[in-house]
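Q: If you scroll down you'll find the structure; I have some questions about it.
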Amino acid sequence: MSQEDRIRWDQRYRDGAYATREHPSAFLQERLPWIGRPQPGSLALDLACGRGRNALFLARQGFRVDAVDISAEALQGAREVAEAAALDDIRWTLHDLDEGLDGIAQPQQQPRPYDLALIMRYLDLSLLQAAADCLQPGGHLLCEVHLQTELPVAGPGNPAFRAAPGEVKQAASGLQILLYQEGLIQDPDGETVCLARLHARRPH
């Protein structure tokens, strides 16, 4: 993203964007039993984490989490919530995902192998393969993005910020697809959204 994009996102979070969305992703909660309880040291990667609702949830489940976002404002708010809840197994990383994933976990090193990677409502299909490459063999990938539709739904008005039908599944080629869905979903806040949802696993 450009510096202007970074400033815009910081201002949106400063103005209270997503401040009331504290619940973790319903898709994450639904699929976690299929992923299984984390073992000691299990590591999760939350890309475009925003205010950290999913990273905080995963830390409460027992994961160590690398949470990444371009907005320092969002990460600061998330860090404060984590500190108040004594959740110290989250590494908050300021990073522009347009620059790829190299070095996000530790400076000057390749990303660590993860047991779980999340891409929730952030459209960059090139990240699917990049995130999959960060997984342990058998590691899980969850992705949920807004889908193009003519129906009156919540979410981005610009179709450029929505995936075309089938695009997410195509981007996951080479992974073992455990679940793929496209269609209308009602969010916990009552809004109707049109989503593509993917749960895939890196082959052993």
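Every chain in the structure tokens takes a letter, A first, then B, and so on in the order presented; its residues are numbered from 1, and the ligands are numbered from 1 following the presented order.
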Based on DSSP run over this structure's backbone, return all residues of chain A in helix (DSSP H, G or I), as number ranges by chain.
A: A: 3-14, 26-35, 53-61, 72-84, 97-99, 126-133, 159-161, 167-171
Q: Write a file of the just-selected residues containing C-alpha atoms, as a JSON list (two decimals), in the first residue's frame.
A:
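The resulting file, selection29.json, is reproduced below:
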[["chain", "number", "residue", "atom", "x", "y", "z"],
["A", 3, "GLN", "CA", 1.82, 5.90, 2.53],
["A", 4, "GLU", "CA", -1.53, 7.55, 1.82],
["A", 5, "ASP", "CA", -3.27, 4.20, 2.37],
["A", 6, "ARG", "CA", -1.47, 3.71, 5.67],
["A", 7, "ILE", "CA", -2.51, 7.18, 6.83],
["A", 8, "ARG", "CA", -6.09, 6.56, 5.72],
["A", 9, "TRP", "CA", -6.34, 3.29, 7.66],
["A", 10, "ASP", "CA", -4.81, 4.85, 10.76],
["A", 11, "GLN", "CA", -7.39, 7.63, 10.58],
["A", 12, "ARG", "CA", -10.24, 5.16, 10.12],
["A", 13, "TYR", "CA", -9.22, 3.24, 13.23],
["A", 14, "ARG", "CA", -8.67, 6.51, 15.09],
["A", 26, "ALA", "CA", -17.76, -16.87, 13.21],
["A", 27, "PHE", "CA", -16.00, -18.90, 10.50],
["A", 28, "LEU", "CA", -12.92, -19.26, 12.69],
["A", 29, "GLN", "CA", -15.03, -20.41, 15.62],
["A", 30, "GLU", "CA", -16.90, -22.91, 13.43],
["A", 31, "ARG", "CA", -13.75, -24.44, 11.96],
["A", 32, "LEU", "CA", -11.55, -24.52, 15.04],
["A", 33, "PRO", "CA", -12.93, -27.90, 16.23],
["A", 34, "TRP", "CA", -11.88, -29.37, 12.86],
["A", 35, "ILE", "CA", -8.40, -27.94, 13.32],
["A", 53, "ARG", "CA", -10.19, -9.78, 17.45],
["A", 54, "ASN", "CA", -9.09, -13.11, 15.93],
["A", 55, "ALA", "CA", -5.55, -12.97, 17.29],
["A", 56, "LEU", "CA", -6.91, -12.37, 20.79],
["A", 57, "PHE", "CA", -9.33, -15.27, 20.42],
["A", 58, "LEU", "CA", -6.59, -17.63, 19.25],
["A", 59, "ALA", "CA", -4.31, -16.62, 22.11],
["A", 60, "ARG", "CA", -7.12, -17.43, 24.53],
["A", 61, "GLN", "CA", -7.38, -20.88, 22.94],
["A", 72, "ALA", "CA", -0.12, 1.27, 13.79],
["A", 73, "GLU", "CA", -3.33, 2.70, 15.25],
["A", 74, "ALA", "CA", -5.12, -0.65, 15.01],
["A", 75, "LEU", "CA", -2.17, -2.55, 16.46],
["A", 76, "GLN", "CA", -1.83, -0.18, 19.38],
["A", 77, "GLY", "CA", -5.47, -0.68, 20.30],
["A", 78, "ALA", "CA", -5.09, -4.45, 19.99],
["A", 79, "ARG", "CA", -1.92, -4.43, 22.06],
["A", 80, "GLU", "CA", -3.69, -2.55, 24.86],
["A", 81, "VAL", "CA", -6.52, -5.10, 24.95],
["A", 82, "ALA", "CA", -4.00, -7.95, 25.03],
["A", 83, "GLU", "CA", -2.05, -6.36, 27.88],
["A", 84, "ALA", "CA", -5.22, -5.76, 29.89],
["A", 97, "LEU", "CA", 1.36, -6.99, 3.15],
["A", 98, "ASP", "CA", 1.88, -5.67, -0.37],
["A", 99, "GLU", "CA", 5.56, -6.27, 0.33],
["A", 126, "SER", "CA", -1.56, -13.81, -3.89],
["A", 127, "LEU", "CA", -1.39, -14.06, -0.10],
["A", 128, "LEU", "CA", -3.15, -17.44, -0.19],
["A", 129, "GLN", "CA", -0.13, -19.21, -1.63],
["A", 130, "ALA", "CA", 2.29, -17.11, 0.40],
["A", 131, "ALA", "CA", 0.45, -18.01, 3.60],
["A", 132, "ALA", "CA", 0.29, -21.68, 2.58],
["A", 133, "ASP", "CA", 4.06, -21.67, 2.08],
["A", 159, "PRO", "CA", -16.22, -4.74, -6.77],
["A", 160, "ALA", "CA", -12.41, -4.43, -6.96],
["A", 161, "PHE", "CA", -12.39, -5.23, -3.24],
["A", 167, "GLU", "CA", -11.32, -17.05, -7.55],
["A", 168, "VAL", "CA", -10.52, -18.02, -3.98],
["A", 169, "LYS", "CA", -10.80, -21.74, -4.70],
["A", 170, "GLN", "CA", -8.61, -21.36, -7.77],
["A", 171, "ALA", "CA", -5.99, -19.47, -5.74]]
Q: Could you pull the residues within 7 Å of Trp92 (chain A), counting only C-alpha atoms, minus those fewer than 5 positions along the same chain, as a compact mmCIF listing (two decimals) with N, CA and C atoms, in the first residue's frame?
A:
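The resulting around-v1.txt:
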# COMPACT_ATOMS: atom_id res chain seq x y z
N ASP A 66 1.34 -14.62 15.66
CA ASP A 66 1.93 -13.49 14.97
C ASP A 66 0.81 -12.76 14.27
N ALA A 67 0.54 -11.53 14.70
CA ALA A 67 -0.56 -10.73 14.15
C ALA A 67 0.02 -9.56 13.38
N VAL A 68 -0.41 -9.38 12.13
CA VAL A 68 0.23 -8.44 11.21
C VAL A 68 -0.81 -7.48 10.63
N LEU A 75 -3.02 -1.67 15.66
CA LEU A 75 -2.17 -2.55 16.46
C LEU A 75 -2.01 -2.03 17.88
Q: Here is a test: counting only C-alpha atoms, which residue of A:Gly41, A:Pro113, A:Gly50, A:Pro24 is nearest to His140 (chain A)?
A: A:Pro113
Q: Report as a PDB file with N, CA and C atoms, in the first residue's frame: the residues of region 150-188 of chain A with a DSSP assignment of strand (DSSP E), based on the backbone of this structure.
A:
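Once everything was written out, this is part_21.pdb:
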ATOM      1  N   GLN A 176      -5.032 -28.996   0.051  1.00  0.00           N
ATOM      2  CA  GLN A 176      -6.144 -29.914   0.259  1.00  0.00           C
ATOM      3  C   GLN A 176      -7.322 -29.099   0.775  1.00  0.00           C
ATOM      4  N   ILE A 177      -8.371 -28.983  -0.022  1.00  0.00           N
ATOM      5  CA  ILE A 177      -9.520 -28.167   0.365  1.00  0.00           C
ATOM      6  C   ILE A 177     -10.464 -29.001   1.228  1.00  0.00           C
ATOM      7  N   LEU A 178     -10.658 -28.556   2.454  1.00  0.00           N
ATOM      8  CA  LEU A 178     -11.544 -29.239   3.390  1.00  0.00           C
ATOM      9  C   LEU A 178     -12.953 -28.683   3.344  1.00  0.00           C
ATOM     10  N   LEU A 179     -13.080 -27.401   3.009  1.00  0.00           N
ATOM     11  CA  LEU A 179     -14.393 -26.760   2.906  1.00  0.00           C
ATOM     12  C   LEU A 179     -14.270 -25.554   1.996  1.00  0.00           C
ATOM     13  N   TYR A 180     -15.235 -25.403   1.088  1.00  0.00           N
ATOM     14  CA  TYR A 180     -15.316 -24.178   0.287  1.00  0.00           C
ATOM     15  C   TYR A 180     -16.776 -23.803   0.127  1.00  0.00           C
ATOM     16  N   GLN A 181     -17.092 -22.544   0.440  1.00  0.00           N
ATOM     17  CA  GLN A 181     -18.472 -22.054   0.363  1.00  0.00           C
ATOM     18  C   GLN A 181     -18.486 -20.675  -0.287  1.00  0.00           C
ATOM     19  N   GLU A 182     -19.536 -20.413  -1.025  1.00  0.00           N
ATOM     20  CA  GLU A 182     -19.821 -19.072  -1.541  1.00  0.00           C
ATOM     21  C   GLU A 182     -21.292 -18.797  -1.316  1.00  0.00           C
ATOM     22  N   GLY A 183     -21.597 -17.609  -0.830  1.00  0.00           N
ATOM     23  CA  GLY A 183     -23.016 -17.279  -0.682  1.00  0.00           C
ATOM     24  C   GLY A 183     -23.264 -16.261   0.409  1.00  0.00           C
ATOM     25  N   LEU A 184     -24.549 -16.084   0.732  1.00  0.00           N
ATOM     26  CA  LEU A 184     -24.968 -15.099   1.718  1.00  0.00           C
ATOM     27  C   LEU A 184     -24.825 -15.662   3.130  1.00  0.00           C
ATOM     28  N   ILE A 185     -24.340 -14.810   4.009  1.00  0.00           N
ATOM     29  CA  ILE A 185     -24.147 -15.157   5.412  1.00  0.00           C
ATOM     30  C   ILE A 185     -24.666 -13.986   6.244  1.00  0.00           C
ATOM     31  N   GLN A 186     -25.269 -14.287   7.384  1.00  0.00           N
ATOM     32  CA  GLN A 186     -25.647 -13.217   8.310  1.00  0.00           C
ATOM     33  C   GLN A 186     -24.586 -13.122   9.399  1.00  0.00           C
TER      34      GLN A 186
END
Q: Using only C-alpha atoms, can you tell me which of A:Leu123, A:Ala196, A:Leu116, A:Ala154 comes closest to Gly139 (chain A)?
A: A:Leu116
Q: One number please: CA of Val153 (chain A) to CA of Val193 (chain A), in Å, one decimal.
A: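 Taking CA of Val153 (chain A) as the start and CA of Val193 (chain A) as the end point, the length is 5.1 Å.
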Q: How many Å lie between CA of Pro40 (chain A) and CA of Tyr114 (chain A), rounded to one decimal?
A: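 A separation of 12.9 Å between them.
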Q: Mind pulling up the distance from CA of Leu47 (chain A) to CA of Leu94 (chain A)?
A: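 Between CA of Leu94 (chain A) and CA of Leu47 (chain A) the gap is 10.7 Å.
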Q: So which one's closest to Arg202 (chain A), A:Ala44, A:Ala85, A:Ala117, A:Leu147? Using only C-alpha atoms, please.
A: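 Selected residue with least distance to Arg202 (chain A): A:Ala117.
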Q: For Ile104 (chain A), which residue among A:Ile119, A:Ala164, A:Leu125, A:Val65 is the nearest when counting only C-alpha atoms?
A: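 Nearest candidate to Ile104 (chain A) out of A:Ile119, A:Ala164, A:Leu125, A:Val65: A:Val65.
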